[in-house]
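Trainee: Just my_file_16.pdb, nothing more (PDB, C-alpha atoms):
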MODEL        1
ATOM      1  CA  VAL W   1       0.000   0.000   0.000  1.00  0.00           C
ATOM      2  CA  LYS W   2       1.378   3.386  -0.992  1.00  0.00           C
ATOM      3  CA  LEU W   3       0.105   6.383   0.940  1.00  0.00           C
ATOM      4  CA  ASP W   4       0.604  10.027   0.142  1.00  0.00           C
ATOM      5  CA  GLY W   5      -0.407  13.154   2.043  1.00  0.00           C
ATOM      6  CA  ALA W   6      -3.985  13.028   0.707  1.00  0.00           C
ATOM      7  CA  SER W   7      -4.511   9.329   1.494  1.00  0.00           C
ATOM      8  CA  VAL W   8      -6.617   8.153   4.394  1.00  0.00           C
ATOM      9  CA  LEU W   9      -6.172   4.716   5.898  1.00  0.00           C
ATOM     10  CA  ASP W  10      -9.425   3.260   7.256  1.00  0.00           C
ATOM     11  CA  LEU W  11      -8.367   1.402  10.393  1.00  0.00           C
ATOM     12  CA  ASP W  12     -11.689  -0.480  10.480  1.00  0.00           C
ATOM     13  CA  GLU W  13     -10.441  -2.441   7.464  1.00  0.00           C
ATOM     14  CA  VAL W  14      -7.069  -3.347   8.951  1.00  0.00           C
ATOM     15  CA  LYS W  15      -7.069  -6.595  10.944  1.00  0.00           C
ATOM     16  CA  LEU W  16      -3.986  -7.290  12.999  1.00  0.00           C
ATOM     17  CA  ASN W  17      -3.445 -10.666  14.635  1.00  0.00           C
ATOM     18  CA  ARG W  18      -0.602 -11.687  16.849  1.00  0.00           C
ATOM     19  CA  PRO W  19       1.441 -14.525  15.314  1.00  0.00           C
ATOM     20  CA  PHE W  20       1.796 -16.175  18.702  1.00  0.00           C
ATOM     21  CA  ALA W  21      -0.314 -17.792  21.395  1.00  0.00           C
ATOM     22  CA  GLN W  22      -0.140 -16.681  25.015  1.00  0.00           C
ATOM     23  CA  LEU W  23       0.230 -19.422  27.645  1.00  0.00           C
ATOM     24  CA  ASN W  24      -0.531 -18.502  31.265  1.00  0.00           C
ATOM     25  CA  ILE W  25      -0.065 -20.804  34.241  1.00  0.00           C
ATOM     26  CA  GLY W  26      -1.574 -19.770  37.558  1.00  0.00           C
ATOM     27  CA  THR W  27      -2.143 -21.309  40.951  1.00  0.00           C
ATOM     28  CA  ALA W  28      -4.567 -20.855  43.821  1.00  0.00           C
ATOM     29  CA  ASP W  29      -2.293 -22.456  46.408  1.00  0.00           C
ATOM     30  CA  LEU W  30       0.943 -20.452  46.432  1.00  0.00           C
ATOM     31  CA  ALA W  31       0.369 -19.427  50.070  1.00  0.00           C
ATOM     32  CA  ALA W  32      -0.491 -23.026  51.048  1.00  0.00           C
ATOM     33  CA  ALA W  33       2.748 -24.295  49.480  1.00  0.00           C
ATOM     34  CA  THR W  34       4.703 -21.625  51.358  1.00  0.00           C
ATOM     35  CA  ALA W  35       2.967 -22.550  54.630  1.00  0.00           C
ATOM     36  CA  ALA W  36       3.972 -26.191  53.995  1.00  0.00           C
ATOM     37  CA  GLY W  37       7.627 -25.133  53.716  1.00  0.00           C
ATOM     38  CA  TYR W  38       7.946 -24.973  49.937  1.00  0.00           C
ATOM     39  CA  THR W  39       8.398 -21.316  48.910  1.00  0.00           C
ATOM     40  CA  VAL W  40       8.410 -21.205  45.110  1.00  0.00           C
ATOM     41  CA  ASP W  41      11.055 -18.770  43.879  1.00  0.00           C
ATOM     42  CA  LYS W  42      11.531 -19.805  40.245  1.00  0.00           C
ATOM     43  CA  VAL W  43       9.573 -21.612  37.525  1.00  0.00           C
ATOM     44  CA  GLU W  44      10.353 -23.062  34.099  1.00  0.00           C
ATOM     45  CA  VAL W  45       8.003 -24.152  31.343  1.00  0.00           C
ATOM     46  CA  GLU W  46       9.034 -26.901  28.926  1.00  0.00           C
ATOM     47  CA  ILE W  47       7.214 -27.711  25.691  1.00  0.00           C
ATOM     48  CA  PRO W  48       8.900 -30.636  23.911  1.00  0.00           C
ATOM     49  CA  GLU W  49       7.437 -30.048  20.435  1.00  0.00           C
ATOM     50  CA  GLY W  50       5.256 -27.816  18.291  1.00  0.00           C
ATOM     51  CA  VAL W  51       6.705 -24.431  19.247  1.00  0.00           C
ATOM     52  CA  CYS W  52       8.343 -22.636  16.331  1.00  0.00           C
ATOM     53  CA  ASP W  53      11.021 -19.964  16.163  1.00  0.00           C
ATOM     54  CA  VAL W  54      10.921 -18.909  12.488  1.00  0.00           C
ATOM     55  CA  LEU W  55       8.045 -16.919  10.967  1.00  0.00           C
ATOM     56  CA  ASN W  56       7.783 -16.350   7.216  1.00  0.00           C
ATOM     57  CA  LEU W  57       6.119 -12.930   7.054  1.00  0.00           C
ATOM     58  CA  TRP W  58       5.178 -13.426   3.415  1.00  0.00           C
ATOM     59  CA  THR W  59       3.261 -16.705   3.849  1.00  0.00           C
ATOM     60  CA  GLY W  60       2.505 -16.574   7.557  1.00  0.00           C
ATOM     61  CA  GLU W  61       3.950 -20.068   8.047  1.00  0.00           C
ATOM     62  CA  ALA W  62       5.866 -20.787  11.225  1.00  0.00           C
ATOM     63  CA  THR W  63       8.594 -23.434  11.267  1.00  0.00           C
ATOM     64  CA  ASN W  64      11.294 -24.829  13.525  1.00  0.00           C
ATOM     65  CA  SER W  65      14.976 -24.204  13.215  1.00  0.00           C
ATOM     66  CA  ASP W  66      17.301 -27.015  14.270  1.00  0.00           C
ATOM     67  CA  GLU W  67      17.527 -25.317  17.670  1.00  0.00           C
ATOM     68  CA  THR W  68      13.818 -25.691  18.538  1.00  0.00           C
ATOM     69  CA  ALA W  69      13.157 -28.995  16.765  1.00  0.00           C
ATOM     70  CA  GLN W  70      13.809 -30.725  20.092  1.00  0.00           C
ATOM     71  CA  GLY W  71      11.446 -28.479  22.050  1.00  0.00           C
ATOM     72  CA  ARG W  72      11.591 -25.259  23.987  1.00  0.00           C
ATOM     73  CA  VAL W  73      12.332 -24.458  27.633  1.00  0.00           C
ATOM     74  CA  PHE W  74      11.270 -21.059  28.973  1.00  0.00           C
ATOM     75  CA  LYS W  75      13.510 -20.358  31.991  1.00  0.00           C
ATOM     76  CA  LYS W  76      13.011 -16.654  32.654  1.00  0.00           C
ATOM     77  CA  ASN W  77       9.645 -16.909  34.393  1.00  0.00           C
ATOM     78  CA  VAL W  78       9.256 -15.116  37.712  1.00  0.00           C
ATOM     79  CA  ILE W  79       6.445 -15.147  40.239  1.00  0.00           C
ATOM     80  CA  VAL W  80       4.417 -12.051  39.341  1.00  0.00           C
ATOM     81  CA  ASP W  81       3.086  -9.643  41.948  1.00  0.00           C
ATOM     82  CA  PRO W  82      -0.712  -9.907  41.543  1.00  0.00           C
ATOM     83  CA  GLN W  83      -1.046  -6.157  42.143  1.00  0.00           C
ATOM     84  CA  MET W  84       1.093  -5.497  39.046  1.00  0.00           C
ATOM     85  CA  TYR W  85      -0.427  -8.050  36.673  1.00  0.00           C
ATOM     86  CA  ALA W  86      -3.517 -10.035  37.531  1.00  0.00           C
ATOM     87  CA  PHE W  87      -3.975 -13.580  36.250  1.00  0.00           C
ATOM     88  CA  PRO W  88      -6.497 -13.559  33.350  1.00  0.00           C
ATOM     89  CA  VAL W  89      -8.964 -15.653  35.389  1.00  0.00           C
ATOM     90  CA  ALA W  90      -9.682 -13.952  38.715  1.00  0.00           C
ATOM     91  CA  THR W  91     -10.576 -16.901  40.943  1.00  0.00           C
ATOM     92  CA  TYR W  92     -10.684 -20.682  41.081  1.00  0.00           C
ATOM     93  CA  ASN W  93     -13.542 -22.395  42.882  1.00  0.00           C
ATOM     94  CA  VAL W  94     -12.486 -25.194  45.229  1.00  0.00           C
ATOM     95  CA  ALA W  95     -15.199 -26.900  47.292  1.00  0.00           C
ATOM     96  CA  GLY W  96     -17.457 -23.847  47.002  1.00  0.00           C
ATOM     97  CA  GLU W  97     -14.722 -21.356  47.926  1.00  0.00           C
ATOM     98  CA  ASP W  98     -13.387 -18.838  45.379  1.00  0.00           C
ATOM     99  CA  LYS W  99      -9.597 -18.642  45.717  1.00  0.00           C
ATOM    100  CA  PRO W 100      -7.586 -15.899  43.972  1.00  0.00           C
ATOM    101  CA  LEU W 101      -5.113 -17.033  41.314  1.00  0.00           C
ATOM    102  CA  GLN W 102      -1.480 -15.955  41.017  1.00  0.00           C
ATOM    103  CA  HIS W 103       0.692 -16.139  37.925  1.00  0.00           C
ATOM    104  CA  LEU W 104       3.418 -18.746  37.925  1.00  0.00           C
ATOM    105  CA  ALA W 105       4.348 -18.279  34.266  1.00  0.00           C
ATOM    106  CA  MET W 106       3.381 -16.381  31.131  1.00  0.00           C
ATOM    107  CA  ASN W 107       4.937 -17.307  27.799  1.00  0.00           C
ATOM    108  CA  TYR W 108       4.373 -16.415  24.168  1.00  0.00           C
ATOM    109  CA  LEU W 109       4.465 -19.365  21.769  1.00  0.00           C
ATOM    110  CA  LEU W 110       5.053 -18.986  18.054  1.00  0.00           C
ATOM    111  CA  VAL W 111       2.762 -21.635  16.561  1.00  0.00           C
ATOM    112  CA  ASN W 112       1.442 -22.399  13.110  1.00  0.00           C
ATOM    113  CA  LYS W 113      -1.896 -21.129  11.802  1.00  0.00           C
ATOM    114  CA  ASP W 114      -4.089 -23.992  13.040  1.00  0.00           C
ATOM    115  CA  LYS W 115      -4.880 -24.772  16.669  1.00  0.00           C
ATOM    116  CA  THR W 116      -2.371 -27.246  18.064  1.00  0.00           C
ATOM    117  CA  THR W 117      -2.132 -29.231  21.273  1.00  0.00           C
ATOM    118  CA  HIS W 118       0.997 -29.549  23.352  1.00  0.00           C
ATOM    119  CA  LYS W 119       2.476 -31.365  26.290  1.00  0.00           C
ATOM    120  CA  VAL W 120       3.491 -28.707  28.822  1.00  0.00           C
ATOM    121  CA  THR W 121       5.710 -29.362  31.835  1.00  0.00           C
ATOM    122  CA  LEU W 122       5.838 -26.832  34.637  1.00  0.00           C
ATOM    123  CA  LYS W 123       8.947 -27.088  36.822  1.00  0.00           C
ATOM    124  CA  TYR W 124       8.912 -25.069  40.021  1.00  0.00           C
ATOM    125  CA  PHE W 125      11.760 -24.552  42.439  1.00  0.00           C
ATOM    126  CA  ALA W 126      12.261 -23.656  46.093  1.00  0.00           C
ATOM    127  CA  GLY W 127      15.966 -22.935  46.140  1.00  0.00           C
ATOM    128  CA  ASN W 128      17.563 -26.063  44.690  1.00  0.00           C
ATOM    129  CA  ARG W 129      14.535 -28.313  45.362  1.00  0.00           C
ATOM    130  CA  GLU W 130      12.587 -29.041  42.159  1.00  0.00           C
ATOM    131  CA  LYS W 131       9.072 -30.355  41.567  1.00  0.00           C
ATOM    132  CA  SER W 132       7.133 -30.623  38.310  1.00  0.00           C
ATOM    133  CA  ARG W 133       3.658 -31.026  36.813  1.00  0.00           C
ATOM    134  CA  THR W 134       2.931 -32.171  33.260  1.00  0.00           C
ATOM    135  CA  PHE W 135      -0.232 -31.298  31.358  1.00  0.00           C
ATOM    136  CA  SER W 136      -1.214 -33.110  28.150  1.00  0.00           C
ATOM    137  CA  ASN W 137      -3.260 -31.860  25.185  1.00  0.00           C
ATOM    138  CA  VAL W 138      -2.969 -28.173  26.077  1.00  0.00           C
ATOM    139  CA  PRO W 139      -4.445 -26.150  23.191  1.00  0.00           C
ATOM    140  CA  ALA W 140      -2.570 -23.216  21.647  1.00  0.00           C
ATOM    141  CA  GLN W 141      -3.668 -21.014  18.775  1.00  0.00           C
ATOM    142  CA  ARG W 142      -2.413 -17.768  17.302  1.00  0.00           C
ATOM    143  CA  ASN W 143      -3.920 -14.657  18.824  1.00  0.00           C
ATOM    144  CA  TRP W 144      -5.561 -16.739  21.594  1.00  0.00           C
ATOM    145  CA  ARG W 145      -4.734 -17.003  25.274  1.00  0.00           C
ATOM    146  CA  THR W 146      -4.571 -20.400  27.017  1.00  0.00           C
ATOM    147  CA  ASN W 147      -4.837 -20.486  30.813  1.00  0.00           C
ATOM    148  CA  ILE W 148      -3.821 -23.465  32.955  1.00  0.00           C
ATOM    149  CA  PHE W 149      -4.821 -23.017  36.571  1.00  0.00           C
ATOM    150  CA  GLY W 150      -5.895 -24.679  39.780  1.00  0.00           C
ATOM    151  CA  GLU W 151      -4.217 -25.880  42.933  1.00  0.00           C
ATOM    152  CA  LEU W 152      -1.110 -26.816  40.987  1.00  0.00           C
ATOM    153  CA  LEU W 153       1.409 -26.900  43.824  1.00  0.00           C
ATOM    154  CA  THR W 154      -0.449 -28.970  46.423  1.00  0.00           C
ATOM    155  CA  SER W 155      -2.955 -31.074  44.455  1.00  0.00           C
ATOM    156  CA  ASP W 156      -2.582 -33.496  41.572  1.00  0.00           C
ATOM    157  CA  VAL W 157      -6.240 -33.384  40.540  1.00  0.00           C
ATOM    158  CA  GLN W 158      -7.459 -29.779  40.692  1.00  0.00           C
ATOM    159  CA  VAL W 159      -6.535 -28.371  37.255  1.00  0.00           C
ATOM    160  CA  LYS W 160      -8.530 -26.462  34.653  1.00  0.00           C
ATOM    161  CA  VAL W 161      -7.564 -25.215  31.185  1.00  0.00           C
ATOM    162  CA  THR W 162      -9.396 -22.439  29.324  1.00  0.00           C
ATOM    163  CA  ILE W 163      -8.711 -20.918  25.936  1.00  0.00           C
ATOM    164  CA  ASP W 164      -9.842 -17.371  25.127  1.00  0.00           C
ATOM    165  CA  PRO W 165     -10.267 -16.415  21.456  1.00  0.00           C
ATOM    166  CA  ILE W 166      -8.695 -12.991  21.911  1.00  0.00           C
ATOM    167  CA  PHE W 167      -6.456 -11.276  24.382  1.00  0.00           C
ATOM    168  CA  THR W 168      -8.780  -9.100  26.435  1.00  0.00           C
ATOM    169  CA  ASP W 169      -7.496  -5.890  27.860  1.00  0.00           C
ATOM    170  CA  SER W 170      -8.177  -2.186  27.573  1.00  0.00           C
ATOM    171  CA  TYR W 171      -6.852  -2.208  24.000  1.00  0.00           C
ATOM    172  CA  ASN W 172      -8.780  -5.195  22.668  1.00  0.00           C
ATOM    173  CA  GLY W 173     -12.191  -5.185  24.335  1.00  0.00           C
ATOM    174  CA  ASN W 174     -13.883  -8.342  25.584  1.00  0.00           C
ATOM    175  CA  GLY W 175     -14.240 -11.695  23.880  1.00  0.00           C
ATOM    176  CA  GLU W 176     -16.040 -14.930  24.488  1.00  0.00           C
ATOM    177  CA  SER W 177     -14.330 -17.683  26.421  1.00  0.00           C
ATOM    178  CA  GLY W 178     -14.317 -21.406  25.725  1.00  0.00           C
ATOM    179  CA  GLU W 179     -13.263 -24.122  28.123  1.00  0.00           C
ATOM    180  CA  PHE W 180     -11.201 -27.233  27.566  1.00  0.00           C
ATOM    181  CA  GLN W 181     -10.795 -30.010  30.112  1.00  0.00           C
ATOM    182  CA  PRO W 182      -7.484 -31.921  29.885  1.00  0.00           C
TER     183      PRO W 182
ENDMDL
END
Mind turning this structure into C-alpha cells?
Mentor:
Amino acid sequence: VKLDGASVLDLDEVKLNRPFAQLNIGTADLAAATAAGYTVDKVEVEIPEGVCDVLNLWTGEATNSDETAQGRVFKKNVIVDPQMYAFPVATYNVAGEDKPLQHLAMNYLLVNKDKTTHKVTLKYFAGNREKSRTFSNVPAQRNWRTNIFGELLTSDVQVKVTIDPIFTDSYNGNGESGEFQP
C-alpha cells in the first residue's frame, strides 16, 4: 500500500493478529505451598514439540529451526506480583470457595496457523529443590490465550484449562471464552 499526504487509511479495514499464542499458568495455592515449607522462587516451562522460532512474514507459516526442533524451555519466568499483573482468570472455585489465582508463568508461543495441542511441563523450584507437573493436550492457537490453573502446587487433581479467542485488555475489548478439560 502506498500512501501520500492526501490518502486516508481506514483502520476499520485493517485486521492485525498476533502470530503467537499466550500461555498462562496460575495457581490458587501459592500461600499453602509456602505454609507447607515450599516457597516457590523460580519456575520453568518446557514444551517438547510444536513451538516454532521462524516466521515467514510473506506466507505466515511458522517453522522450527534445528535449535527448537527438540522443544523449547522457557527459563526466565518469575512469580508475578498480583497487584502489578492479575492472572487472566480472577478466581478458582475449590469446594465452594473462590480462591484468587497468582501467575506462575506467562509465555508467548510462536505456533502455526491452526490450533495445536501440546504437552506442557511446569517445573517449580524452592531454592535447589525441584518439583514438576505435566499437562497433556494443552491447546494453543495464534492470537488466543490459554490459561492453565488450579491448585497446581499442592494437588494433583485440581486443574482447569481455558482458551480465550482474543487477548482481552483495555486495547482489545472483551471476547467470548471457551473451556477445555485436559
Trainee: Can you work out which one of W:Ala36, W:Val111, W:Leu30, W:Leu101 has the shortest atom-to-atom distance to Trp144 (chain W), counting all atoms listed in the file?
Mentor: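 Of W:Ala36, W:Val111, W:Leu30, W:Leu101, the one nearest Trp144 (chain W), counting all atoms listed in the file, is W:Val111.
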Trainee: Within 7 Å of (-4.2, -21.8, 23.2), in the coordinates the file gives, what residues turn up when you count all atoms listed in the file, written out as an MDAnalysis selection string?
Mentor: chainID W and resid 21:23 139:141 144:146 163
Trainee: So what do you get for CA of Lys113 (chain W) versus CA of Asn56 (chain W), distance-wise?
Mentor: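 Computing it gives 11.7 Å between the two atoms.
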Trainee: Just say which residues the PyMOL selection byres ((chain W and resi 133) around 9) picks in this file, as a PDB file with C-alpha atoms, in the coordinates of the input.
Mentor:
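File produced: result.pdb:
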ATOM      1  CA  VAL W 120       3.491 -28.707  28.822  1.00  0.00           C
ATOM      2  CA  THR W 121       5.710 -29.362  31.835  1.00  0.00           C
ATOM      3  CA  LEU W 122       5.838 -26.832  34.637  1.00  0.00           C
ATOM      4  CA  LYS W 123       8.947 -27.088  36.822  1.00  0.00           C
ATOM      5  CA  TYR W 124       8.912 -25.069  40.021  1.00  0.00           C
ATOM      6  CA  LYS W 131       9.072 -30.355  41.567  1.00  0.00           C
ATOM      7  CA  SER W 132       7.133 -30.623  38.310  1.00  0.00           C
ATOM      8  CA  THR W 134       2.931 -32.171  33.260  1.00  0.00           C
ATOM      9  CA  PHE W 135      -0.232 -31.298  31.358  1.00  0.00           C
ATOM     10  CA  LEU W 152      -1.110 -26.816  40.987  1.00  0.00           C
ATOM     11  CA  LEU W 153       1.409 -26.900  43.824  1.00  0.00           C
ATOM     12  CA  ASP W 156      -2.582 -33.496  41.572  1.00  0.00           C
TER      13      ASP W 156
END
Trainee: In Å, with one decimal, what is the gap from CA of Val73 (chain W) to CA of Val45 (chain W)?
Mentor: 5.7 Å
Trainee: Smallest atom-to-atom distance to Leu109 (chain W): which of W:Val51, W:Val138, W:Ala90, W:Ala62, using only C-alpha atoms?
Mentor: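 So, comparing all the options, the nearest one is W:Val51.
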Trainee: Using the chain letters and numbers from the file, which residues does the PyMOL selection byres ((chain W and resi 160) around 6) grab, as a ChimeraX atom specification?
Mentor: /W:148-149,159,161
